[in-house]
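Colleague: Just passing along the structure, written as structure tokens.
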Amino acid sequence: MSNPIAQMAPMPVHGNTDDPLWRKLWNAYELVITALRRIPLVADVEISGGMFGITAQLSDGSHLWISSVEELPLDPSEVQGWHVRRNHQDNPTVDELVYNSTEDGEHSQHGNNVVPLVQAITSFVTERRLVPKLIDLMSIHLDGVTKDHRRISRLVQGPFDDRNAAVKEYGEATHELTERGWRCLHTQGGTDWPLTVWELDGQIITVYLAHVGHVSA
């Protein structure tokens with residue numbers, strides 16, 4: 001259905017995520033939404049004019065609208081098949097049926113089964129090259145312990161969406177440690193995911209480049 005180890009599209013960012021109804025729908029349809037995010041498509045729950053549906057953003061600015069016979073019910077067990085269309089908010093000529101497993105649809109034999117739904121969407125967006133590109137977000141972190149056993153943990157810099165910029169900033173941060181008298185005990189990761197362990201007067205810290213998520217290109 002989808003690759004469980006693939007990059008996962010980021011969560012939607014808007015004011016509705018604190019709305020109880022939005023959260024209820026998001027949790028109810030989490031199985032579908034998670035599968036879409038693993039394609040990876042940025043998926044969301046849309047509440048518009050009393051109509052509930054799932055949207056998935058595509059790379060050309062269009063989107064998929066995933067509903068049922070009409071709107072999606074609050075209870076996914078009451079879904080009477082899936083209906084998926086591709087639309088574009090600014091271009092009304094973009095309007096095509098992607099999948100229809102409702103009673104009179106071409107794929108009615110699948111009913112409310114999620115697996116063929118996600119397979120159909122995956123095939124559609126892959127063939128049309130409509131899958132958004134995801135960019136890694138990286139940050140430089142510091143973790144350690146003082147000589148009196150108090151924890152040290154902080155974000156040094158980031159997040160960055162450019163690896164070269166992140167590695168350069170990492171180099172500057174560790175160079176500053178050297179100038180302050182810290183001694184490097186261990187190095188690993190090269191320029192891909194650099195990590196170093198440092199010591200000064202009984203304090204031990206680890207400075208590393210960490211993956212902290214994705215954004216759509």
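In the structure tokens, each chain is lettered A, B, ... as it comes, each chain's residues begin at 1, and ligands are numbered from 1 in order of appearance.
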If you count only C-alpha atoms, which residues fall within 6 Å of stretch 139-146 of chain A, apart from same-chain ones fewer than 2 positions away, as a PyMOL selection string?
Modeller: chain A and resi 148-159+203-210
Colleague: Go through stretch 74-213 of chain A and collect every residue that DSSP, computed from the backbone, puts in alpha helix (DSSP H); the answer should be as a PyMOL selection string.
Modeller: chain A and resi 114-127+163-179
Colleague: Would you please work out which residue, of A:Cys184, A:Leu130, A:Val115, A:Val212, is nearest to A:Leu64 when using only C-alpha atoms?
Modeller: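 Counting only C-alpha atoms, the residue closest to A:Leu64 is A:Leu130.
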Colleague: Quick one: pick out all strand (DSSP E or B) residues within stretch 108-215 of chain A from a backbone DSSP run and write them as a ChimeraX atom specification.
Modeller: /A:134-145,151-160,183-188,195-200,203-215
Colleague: Mind giving me the straight-line distance from atom CA of A:Ile54 to atom CA of A:Arg85 in Å, one decimal?
Modeller: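 Between these atoms lies a distance of 10.9 Å.
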Colleague: At most 12 Å is the cut-off: for each residue in stretch 51-105 of chain A with any atom that close to an atom of stretch 27-44 of chain A, write down the nearest atom pair and the distance in Å rounded to one decimal, counting only C-alpha atoms, chain first then increasing number, as a tab-separated table.
Modeller:
residue	atom	partner	partner_atom	distance
A:Phe52	CA	A:Asp44	CA	10.7
A:Gly53	CA	A:Asp44	CA	8.5
A:Ile54	CA	A:Asp44	CA	5.7
A:Thr55	CA	A:Asp44	CA	5.2
A:Ala56	CA	A:Ala43	CA	4.3
A:Gln57	CA	A:Val42	CA	5.5
A:Leu58	CA	A:Leu41	CA	6.9
A:Ser59	CA	A:Leu41	CA	9.0
A:Gly61	CA	A:Val42	CA	11.8
A:Ser62	CA	A:Leu41	CA	11.8
A:His63	CA	A:Ala43	CA	9.5
A:Leu64	CA	A:Ala43	CA	9.1
A:Trp65	CA	A:Asp44	CA	9.9
A:Ile66	CA	A:Val32	CA	9.9
A:Ser67	CA	A:Tyr29	CA	11.3
A:Leu72	CA	A:Tyr29	CA	9.6
A:Pro73	CA	A:Ala28	CA	9.7
A:Leu74	CA	A:Ala28	CA	7.2
A:Asp75	CA	A:Ala28	CA	6.8
A:Pro76	CA	A:Ala28	CA	6.5
A:Ser77	CA	A:Ala28	CA	9.6
A:Glu78	CA	A:Ala28	CA	11.4
A:Val79	CA	A:Tyr29	CA	10.7
A:Trp82	CA	A:Val32	CA	11.0
Colleague: Given the selection you just returned, output its residues as a file containing C-alpha atoms, formatted as an mmCIF file, in the first residue's frame.
Modeller:
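Ended up saving to out11.cif:
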data_model
loop_
_atom_site.group_PDB
_atom_site.id
_atom_site.type_symbol
_atom_site.label_atom_id
_atom_site.label_comp_id
_atom_site.auth_asym_id
_atom_site.auth_seq_id
_atom_site.Cartn_x
_atom_site.Cartn_y
_atom_site.Cartn_z
ATOM 1 C CA PHE A 52 -15.899 16.992 5.420
ATOM 2 C CA GLY A 53 -13.194 15.548 3.219
ATOM 3 C CA ILE A 54 -9.492 14.708 3.033
ATOM 4 C CA THR A 55 -7.197 16.758 0.812
ATOM 5 C CA ALA A 56 -3.770 15.797 -0.518
ATOM 6 C CA GLN A 57 -1.556 18.477 -2.071
ATOM 7 C CA LEU A 58 0.164 17.760 -5.406
ATOM 8 C CA SER A 59 3.357 19.242 -6.820
ATOM 9 C CA GLY A 61 -0.572 23.226 -7.087
ATOM 10 C CA SER A 62 -3.565 20.980 -7.645
ATOM 11 C CA HIS A 63 -4.957 18.680 -4.974
ATOM 12 C CA LEU A 64 -6.941 15.517 -4.436
ATOM 13 C CA TRP A 65 -10.340 15.701 -2.730
ATOM 14 C CA ILE A 66 -11.168 12.421 -1.020
ATOM 15 C CA SER A 67 -14.769 11.916 0.052
ATOM 16 C CA LEU A 72 -17.064 11.784 4.780
ATOM 17 C CA PRO A 73 -18.984 10.590 7.851
ATOM 18 C CA LEU A 74 -17.561 11.130 11.323
ATOM 19 C CA ASP A 75 -17.348 7.348 11.694
ATOM 20 C CA PRO A 76 -15.093 5.754 9.008
ATOM 21 C CA SER A 77 -17.026 2.475 9.319
ATOM 22 C CA GLU A 78 -19.958 4.281 7.697
ATOM 23 C CA VAL A 79 -18.017 5.187 4.538
ATOM 24 C CA TRP A 82 -14.341 6.289 -1.692
#
Colleague: Pick out the closest residue to A:Ala120 from this set: A:Asn164, A:Gln188, A:Ser101, A:Thr178. Count only C-alpha atoms.
Modeller: A:Ser101
Colleague: Nearest to A:Asp19 among A:His107, A:Met138, A:Ile47, A:Thr126, with distances taken over only C-alpha atoms: which residue is it?
Modeller: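 Comparing A:His107, A:Met138, A:Ile47, A:Thr126 against A:Asp19, the winner is A:Ile47.
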Colleague: Determine the nearest neighbour of A:Asn87 from the options A:Ile121, A:Leu185, A:Lys24, A:Asp60, counting only C-alpha atoms.
Modeller: A:Asp60
Colleague: Just the number, please: distance in Å from atom CA of A:Glu46 to atom CA of A:His83, one decimal.
Modeller: 14.8 Å
Colleague: Select, from A:Thr93, A:Ser123, A:Thr102, A:Thr196, the residue with the minimum atom-to-atom distance to A:Gln80, counting only C-alpha atoms.
Modeller: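 Closest candidate: A:Thr102.
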